[in-house]
Amino acid sequence: MSQWGCGWSLTQSWTGEGLPRVDLNTLQEHYGQLHRKINHAWDLVVMQAREQLRAAKQRRKGDRLVMACQEQTYWLVNRPPPGVPSVLEQGPERSSCTAGQAQMSPQGLPSNCSPPGPFQTKNIDFYKREMELCRKALGRARVKSSVCLEAYLKFSSQRELHDPIMSGCLPGNPWVTDDDTYWTLNAPSVAVPTKLRVERWGFSFQELLEDPVGRAHFMAFLGTEFSAENLSFWEACEELRHGGQAQVHAMVDAVYQQFLAPGAARWVNIDSRTMERTLEGLHQPHRYVLDDAQLHIYMLMKKDSYPRFLKSAAYKDLLAEAVIPPEAKKRVFPFTRKLPHSSPSPALLPAATSGEPAAAAGGPECGEGGA
């Protein structure tokens, strides 16, 4: 018969009001015993903590480092095996229980669950699952928080001047004013790009390819190195990927005959393994059949042609000749600036100093009212 700590059993009779008959004296006695035990244990914990703190302050810095390493090593070595609940785990979701496979064992527990206890039968399938989970955990790539934060900081500082929200727009902000010079200077096709736009091409190869002006200048540079067919092949693959479904077969055949076939007019250099996979996919052509060859040419341009383009005289000339938009004159008190299209609502106009404007404004209403 199970007992509660307050002094009454679960099998005791109940009163008419639905409450158990509890002796208050017994309850107070048990409560007092519990209170004394907790106070005694807490005093012992406080005393041990003070002694440990005093001993830690007396140790040298090298000894403290050794103690910290020993403690970390202890918890790494004595970590509970997979499937055993531990206070080191962050919540019950780390258990090997999954909601999708809720098969119950004869004892009433899920067969894919791994809580401890004598009621769980750990068979060979259980250990196979645990081994698979450990193998996946070992193969998962992990990055230190310091390295990740350093990369985010570098990314943010590099693009701070190119963010319209952080650094503003030159010569004016087209979102809040009627000045659309910003859109004109940063149009997809312009004769002379801005300096910020040319600098952004040096951030990454993808930034260069996403800009039509940058891609055109890169194509001209590749023409001087007799390798413009690489970028033309990449553009053809992009057109195939995003083109219509009805033209897929014709476009695949055209790209193959122009760039990949033996003796093609603009043949591109692809390794044999990639060419074999591409030729196997041409038996059933689809819009992604040239992805392997496109990736190979992309990496070739990124590692070989793109660094030379950034160091070339053509890119340096673009930086020197790029447009620097003039900064608009700032007001001393920007909050006094009037909007280009102010509202004609009478609620925003100042009160009339004379009665004539008011009478003129209220004349029609009064006349209509009088009528």
# chains A, B, ... in the order shown; residues from 1 in each chain; ligands from 1

$ residues_around --residues "Asp211 (chain A)" --least-positions-apart "5" --cutoff "12 Å" --atoms "only C-alpha atoms" --output "list of chain:residue names"
A:Asn186, A:Ala187, A:Pro188, A:Ser189, A:Val190, A:Pro193, A:Arg197, A:Val198, A:Glu199, A:Arg200, A:Trp201, A:Gly202, A:Ser204, A:Phe205, A:Gln206, A:Ala216, A:His217, A:Phe218

$ select_by_dssp --residues "region 87-306 of chain A" --states "helix (DSSP H, G or I)" --output "ChimeraX atom specification"
/A:92-94,124-139,145-158,164-167,181-185,195-200,205-210,212-224,228-242,248-260,272-281,291-306

$ residues_around --residues "Leu240 (chain A)" --least-positions-apart "5" --cutoff "7 Å" --atoms "only C-alpha atoms" --output "list of chain:residue names"
A:Val248, A:Met251, A:Arg287

$ atom_distance --atom1 "CA of Ala236 (chain A)" --atom2 "CA of Ala220 (chain A)"
17.0 Å

$ atom_distance --atom1 "CA of Ser145 (chain A)" --atom2 "CA of Ile165 (chain A)"
27.1 Å

$ closest_residue --among "A:Val268, A:Cys169, A:Thr181, A:Trp75" --to "Asn230 (chain A)" --atoms "only C-alpha atoms"
A:Val268

$ closest_residue --among "A:Lys195, A:Asn39, A:Thr26, A:Arg142" --to "Leu161 (chain A)" --atoms "only C-alpha atoms"
A:Lys195

$ atom_distance --atom1 "CA of Asn269 (chain A)" --atom2 "CA of Ile297 (chain A)"
8.0 Å

$ closest_residue --among "A:Tyr315, A:His40, A:His286, A:Leu24" --to "His242 (chain A)" --atoms "only C-alpha atoms"
A:His286
